[in-house]
Every structure is written in C-alpha cells, then in structure tokens.
Amino acid sequence: MKKISNRIVAVLTSLAMLLGVSFAVGASSASADDNTCWSTYTCWWANTNFTGTYYASGMDQSQWPSTFQNKDKSVWNDGTSGQAIHVFRYNLQVGEVYCVKKGSKKTIPSDERNYGSSHRWTFTTSGCL
Amino acid sequence: MDVHDERLPVTRIALRSVGVAACAIGLLVVVAGCGSGGTPSDEFLSGGLAAEIQQRIDTLDYPAGQNNLADMELANLQTQLIHDCVVAEGLKVPPADLVGPGQGGFLAPDHSTIWLTAGSDFGVARQLQDPRVVALMRRTEQAEAAPTKPTDYPDNYDDVVYGADSDWITFQDPNDDGSTQVSIGGCFGKATEEMYGVSAETYQRTYYEKPWSEQVLEAATAAKPVRAATGHWSDCMNDHGYATKDPEELGKYMSRWLSGFLDGSMSIDKVTSAERELAAADKDCKTSSGLGTAVDKAFITEADKVIKGKEGVITEYRKMVDHALALAKKEDLAP
C-alpha cells in the first residue's frame with residue numbers, strides 16, 4: 001500500500017517539478033507528503049499535515065535556505081540514529097523553539113511554528129514532545 | 001572531558017554558578033535598576049531559589065538532570081535494538097548509527113537558563129575558545145546537497161521500522177493545536193517494549209502524560225505576575241540599548257556574535273566583551289523589574305503543583321527509564 005502511494009507521490013512530484021513548482025535551495029525539494037521523507041533525514045513541511053513545500057536535512061545546518069526559513073509547520077524525524085532534532089529560531093543554533101524525537105511526526109503548535117532558522121541533531125531528547 | 005560534556009548540563013552549571021556568585025555577592029547586591037517599573041528583588045540571586053529549581057528539574061526531567069550521558073545511552077540503545085530487529089526481519093542495512101558524547105549540547109543557553117538565571121556571561125565566548133566547537137560550527141555552515149534517496153537502506157526500511165499506518169498513535173497537546181504521532185508497531189515498537197519493559201503504548205502514553213520542565217517553564221512565564229515583570233524587564237533592557245521583548249530574544253544577539261566570529265568581524269575578545277555587557281544588563285533588569293525572582297518562584301510553584309498532581313506517572317516513568325538504563329549499561333554501546 002505504502003509502496004503504491006510512494007510511486008504515486010513520486011509521479012506527482014515529478015509532475016510538479018515539470019510544472020514549475022518552486023524549489024527551495026539547498027537540501028529542499030518540491031511539494032510532497034510524508035511518504036517522500038527518506039530515512040536518514042528529518043523533513044519539515046510548510047503545511048501542518050505533512051504536505052506542501054518541504055525541506056529535508058540529514059546534517060546539522062546553521063542556516064536554513066531562505067526559501068524555507070520560518071515556514072515550518074509540520075516535521076518528521078526519520079533519522080536512523082536515536083538523536084532528536086532541535087530547531088532554533090536564530091541562525092547558528094541559538095534559541096531553541098522545539099525538538100522532535102527519533103521517529104516522531106509533529107504538527108508544530110501555532111506558538112512554535114514558522115520560527116525555524118537552523119537545526120541540530122543531538123542525543124538530548126528529554127522533554128521533546 | 002569532551003567540550004560538549006561541559007555544555008550539556010547548561011542548566012545545572014548556570015544555576016550552580018549563580019548560586020556561587022550570589023553567595024559571594026550576598027547582600028551587597030544593590031537593587032538599583034533602571035527605574036523601569038516593577039517590584040525590584042534580588043532574591044533570585046541568593047542561590048536558594050536556584051537550588052530549589054534544580055531539584056525540581058531533576059525530578060521532572062529524570063534522568064537528564066542527573067546524568068549528562070543518559071540520553072545518549074538511551075538513544076544508542078534504541079538505535080541498536082531497532083537495527084537488530086530490522087536485520088532479524090531479513091533487511092540488509094548499514095551498521096547501527098550510534099552517537100558519541102560529542103554529539104550533545106549547544107552553544108547558547110537553553111530556555112531554563114535564559115529565564116531562570118542571571119550570571120556574568122552566557123557561556124558563549126568561553127566555548128569559542130575550543131577549536132573543536134568552532135570546527136563543528138563551521139561544518140554546520142556548509143550548505144547541504146539536495147536530499148537523495150539513501151541507497152544503503154532498502155525501500156521497505158521505514159515500513160519495517162514503523163509498521164503499518166494503523167500502528168501510529170497521536171497525542172494532542174492539551175494546551176494548543178499541536179500534536180505528535182508516534183509508532184507503537186514495527187521494530188520501533190518492539191525496541192520501545194524491550195527498552196522500557198512495558199508495552200510500547202504504555203510507554204508512549206506515560207511519556208506524553210508526564211510533566212516536563214519545559215512545560216512548567218512555559219506555564220511559569222505565562223503567569224500574570226511574570227508577564228508583568230517581563231514587560232518591566234523589556235523596558236529596562238530597552239533603556240540599556242537592547243530591544244528585547246523577553247529573555248528568549250537575547251538569542252538574537254548571541255547569534256550575531258557567532259556569525260561575527262565566524263566571518264572574522266568579531267574576535268573572541270569582542271564576543272566576550274559584548275556578552276558581559278548583555279549579561280550585566282540582563283542581571284540588572286531581572287533585579288530591577290523583579291522578573292528574576294518572580295519567574296523563579298512561579299516555576300517552583302508550578303513545578304510543585306504538577307509534581308504532586310502527577311506523582312504516579314512520574315514514578316512509573318522513572319521505573320521505565322531505570323529499566324532502559326540498566327539494559328543500556330549491559331549493552332555498553334559506543335560508536
């Protein structure tokens with residue numbers, strides 16, 4: 001079932017690309033849903049339901065692509081280590097806004113969404129909700 | 001000691017520093033302030049409140065408050081158990097993605113430190129003196145390539161790890177419109193059960209029902225007297241030349257220092273000096289506005305309320321974590 005939806009998403013994504021859906025620079029991609037967040041990455045979406053423009057990263061980043069900064073509304077930590085992903089409102093990992101444990105999908109609450117500017121993977125997971 | 005070990009217990013170190021500093025200063029602290037309103041108080045510098053806060057954080061965030069590396073041990077145990085399960089299911093995958101002590105901690109202070117303490121610095125410039133920290137920062141500056149499908153993980157890897165769509169359960173945040181979904185099936189669910197000695201669903205429900213210091217802090221900073229004091233603190237900080245709505249916004253200055261350091265426009269000495277000035281203003285304003293004492297007391301009050309109200313779930317969670325830590329000790333995992 002998931003494989004089929006993966007294929008559908010892949011086709012739709014390709015179509016979106018052909019139709020000129022805007023891409024964010026860096027480790028970002030076009031519209032997609034959570035089936036396209038590959039393992040080893042954490043993915044953020046511009047919609048609350050894991051759809052829309054997304055940004056994926058498998059590394060620590062001191063500054064998000066300008067096209068995705070302050071657009072995070074949902075997120076899935078699909079990393080392969082047990083590390084949580086910590087998201088910060090300022091560049092260079094300053095001012096933590098929220099964190100997401102390994103495997104968790106989070107619809108970011110209103111008072112925390114649209115702040116993401118940098119992130120870091122760390123094993124510090126206590127209280128990541 | 002790894003540099004990141006030093007940064008990990010930022011709350012503990014900062015609170016302890018405040019206590020020591022306060023003991024040295026004692027009653028010599030002059031509650032002068034900037035004349036921006038509020039009820040001045042330097043009680044938060046006495047060390048007594050800091051000790052009380054730390055005690056509650058230790059209870060709320062067990063085991064992180066007492067063992068810097070407990071989170072690492074738990075993370076590695078989870079990784080290894082999921083890996084073993086996936087392999088047992090017949091998948092060929094890379095070795096377990098274990099992490100070391102260098103992969104924890106942050107350069108800038110956390111929420112608790114920035115709200116509940118006031119010292120002579122924020123620890124930023126101090127850490128820049130370590131070349132390993134700087135190297136790590138520079139690495140995170142490198143732009144990342146567009147995401148590519150990992151070739152060393154099979155297509156059905158996520159299905160085996162997380163199970164079916166029906167294996168996911170959702171926790172709605174009672175205070176806002178956020179929610180979190182987590183799997184209790186697949187290898188993820190099996191690993192959770194093995195780690196914590198209870199069903200995956202029981203563990204997850206306990207985790208999300210249990211109060212955490214972050215939530216307590218959120219409630220404390222939202223309390224009416226604290227909000228009023230925050231306004232006075234903000235006015236005072238403006239008088240000092242820092243346009244900040246609340247202590248969280250102090251981060252924008254730290255981020256600028258770090259950027260300046262990396263692009264060569266700020267030396268460590270300059271960062272040190274800027275940091276001390278900001279810390280002095282923060283301390284002065286937390287005193288004159290009464291924010292320091294108000295937020296500390298509100299934190300303690302709120303913490304006591306939730307600890308008492310959720311005593312059972314806190315105890316249950318502690319048992320689960322102890323089970324996992326004992327298993328982690330037995331496995332002794334390291335990258």
# chains A, B, ... in the order shown; residues from 1 in each chain; ligands from 1
call {"tool": "residues_around", "arguments": {"residues": "Thr151 of chain B", "least_positions_apart": "6", "cutoff": "12 Å", "atoms": "only C-alpha atoms", "output": "ChimeraX atom specification"}}
result
/A:38-40 /B:92-94,157
call {"tool": "write_last_selection", "arguments": {"atoms": "C-alpha atoms", "output": "PDB file, in the first residue's frame"}}
result
ATOM      1  CA  TRP A  38      13.524   9.217   3.271  1.00  0.00           C
ATOM      2  CA  SER A  39      15.139   7.511   6.199  1.00  0.00           C
ATOM      3  CA  THR A  40      18.287   9.302   7.468  1.00  0.00           C
TER       4      THR A  40
ATOM      5  CA  LYS B  92      20.420  -5.553   4.770  1.00  0.00           C
ATOM      6  CA  VAL B  93      21.292  -2.209   6.312  1.00  0.00           C
ATOM      7  CA  PRO B  94      24.423  -0.297   7.387  1.00  0.00           C
ATOM      8  CA  TYR B 157      13.022   0.047   5.584  1.00  0.00           C
TER       9      TYR B 157
END
call {"tool": "interface_residues", "arguments": {"of": "chain A", "to": "chain B", "cutoff": "6 Å", "atoms": "only C-alpha atoms", "output": "PDB file with N, CA and C atoms, in the first residue's frame"}}
result
ATOM      1  N   GLY A  26      19.196  24.465  -1.544  1.00  0.00           N
ATOM      2  CA  GLY A  26      19.827  23.621  -0.542  1.00  0.00           C
ATOM      3  C   GLY A  26      19.151  22.271  -0.468  1.00  0.00           C
ATOM      4  N   ALA A  27      19.052  21.766   0.741  1.00  0.00           N
ATOM      5  CA  ALA A  27      18.539  20.414   0.915  1.00  0.00           C
ATOM      6  C   ALA A  27      17.021  20.424   0.944  1.00  0.00           C
ATOM      7  N   SER A  28      16.440  20.961  -0.083  1.00  0.00           N
ATOM      8  CA  SER A  28      14.991  21.070  -0.085  1.00  0.00           C
ATOM      9  C   SER A  28      14.430  20.427  -1.323  1.00  0.00           C
ATOM     10  N   ASP A  60      23.547  18.734  10.441  1.00  0.00           N
ATOM     11  CA  ASP A  60      23.289  19.953  11.211  1.00  0.00           C
ATOM     12  C   ASP A  60      23.394  21.122  10.228  1.00  0.00           C
ATOM     13  N   GLN A  61      22.546  22.101  10.375  1.00  0.00           N
ATOM     14  CA  GLN A  61      22.611  23.274   9.497  1.00  0.00           C
ATOM     15  C   GLN A  61      22.506  24.560  10.317  1.00  0.00           C
ATOM     16  N   SER A  62      23.434  25.470  10.071  1.00  0.00           N
ATOM     17  CA  SER A  62      23.450  26.715  10.838  1.00  0.00           C
ATOM     18  C   SER A  62      22.493  27.760  10.273  1.00  0.00           C
ATOM     19  N   SER A  81      19.540   7.348  13.549  1.00  0.00           N
ATOM     20  CA  SER A  81      20.119   7.281  14.892  1.00  0.00           C
ATOM     21  C   SER A  81      19.014   7.636  15.882  1.00  0.00           C
ATOM     22  N   GLY A  82      19.295   7.463  17.159  1.00  0.00           N
ATOM     23  CA  GLY A  82      18.282   7.795  18.165  1.00  0.00           C
ATOM     24  C   GLY A  82      18.279   9.267  18.526  1.00  0.00           C
ATOM     25  N   ASN A  91      19.902  31.849  13.566  1.00  0.00           N
ATOM     26  CA  ASN A  91      20.973  31.110  12.889  1.00  0.00           C
ATOM     27  C   ASN A  91      21.994  30.607  13.902  1.00  0.00           C
ATOM     28  N   VAL A  94      20.862  28.904  17.817  1.00  0.00           N
ATOM     29  CA  VAL A  94      20.610  29.705  19.021  1.00  0.00           C
ATOM     30  C   VAL A  94      19.100  29.917  19.168  1.00  0.00           C
ATOM     31  N   GLY A  95      18.616  29.742  20.401  1.00  0.00           N
ATOM     32  CA  GLY A  95      17.200  29.989  20.687  1.00  0.00           C
ATOM     33  C   GLY A  95      16.317  28.829  20.269  1.00  0.00           C
ATOM     34  N   SER A 104       9.308  10.485  15.564  1.00  0.00           N
ATOM     35  CA  SER A 104       8.069  11.241  15.822  1.00  0.00           C
ATOM     36  C   SER A 104       7.711  12.159  14.658  1.00  0.00           C
ATOM     37  N   LYS A 105       6.404  12.246  14.433  1.00  0.00           N
ATOM     38  CA  LYS A 105       5.868  13.216  13.462  1.00  0.00           C
ATOM     39  C   LYS A 105       5.117  14.251  14.274  1.00  0.00           C
ATOM     40  N   LYS A 106       5.418  15.491  14.010  1.00  0.00           N
ATOM     41  CA  LYS A 106       4.852  16.542  14.860  1.00  0.00           C
ATOM     42  C   LYS A 106       4.167  17.620  14.024  1.00  0.00           C
ATOM     43  N   THR A 107       2.925  17.889  14.374  1.00  0.00           N
ATOM     44  CA  THR A 107       2.284  19.092  13.854  1.00  0.00           C
ATOM     45  C   THR A 107       2.664  20.184  14.835  1.00  0.00           C
ATOM     46  N   ILE A 108       3.430  21.125  14.361  1.00  0.00           N
ATOM     47  CA  ILE A 108       4.008  22.121  15.262  1.00  0.00           C
ATOM     48  C   ILE A 108       2.909  23.067  15.760  1.00  0.00           C
ATOM     49  N   PRO A 109       2.810  23.267  17.079  1.00  0.00           N
ATOM     50  CA  PRO A 109       1.768  24.155  17.591  1.00  0.00           C
ATOM     51  C   PRO A 109       1.957  25.595  17.108  1.00  0.00           C
ATOM     52  N   THR A 122      20.937  16.031  18.089  1.00  0.00           N
ATOM     53  CA  THR A 122      21.704  15.643  19.268  1.00  0.00           C
ATOM     54  C   THR A 122      20.940  14.546  20.023  1.00  0.00           C
ATOM     55  N   PHE A 123      21.685  13.874  20.875  1.00  0.00           N
ATOM     56  CA  PHE A 123      21.043  12.806  21.656  1.00  0.00           C
ATOM     57  C   PHE A 123      20.225  13.359  22.815  1.00  0.00           C
ATOM     58  N   THR A 124      20.255  14.657  23.037  1.00  0.00           N
ATOM     59  CA  THR A 124      19.468  15.257  24.115  1.00  0.00           C
ATOM     60  C   THR A 124      17.995  15.201  23.742  1.00  0.00           C
ATOM     61  N   GLY A 127      12.142  15.626  27.269  1.00  0.00           N
ATOM     62  CA  GLY A 127      11.153  16.688  27.136  1.00  0.00           C
ATOM     63  C   GLY A 127      10.813  17.058  25.705  1.00  0.00           C
TER      64      GLY A 127
END
call {"tool": "residues_around", "arguments": {"residues": "Thr192 of chain B", "least_positions_apart": "4", "cutoff": "9 Å", "atoms": "only C-alpha atoms", "output": "list in words"}}
result
Gln78, Leu81, Ile82, Ile184, Cys187, Phe188, Tyr196, Gly197, Val198, Ser199, Ala200, Glu201, Tyr203 and Gln204 of chain B
call {"tool": "atom_distance", "arguments": {"atom1": "atom CA of Gly103 of chain A", "atom2": "atom CA of Thr59 of chain B"}}
result
25.5 Å
call {"tool": "closest_residue", "arguments": {"among": "A:Asp78, A:Glu96, A:Glu112, A:Asp72", "to": "Thr53 of chain A", "atoms": "only C-alpha atoms"}}
result
A:Asp72
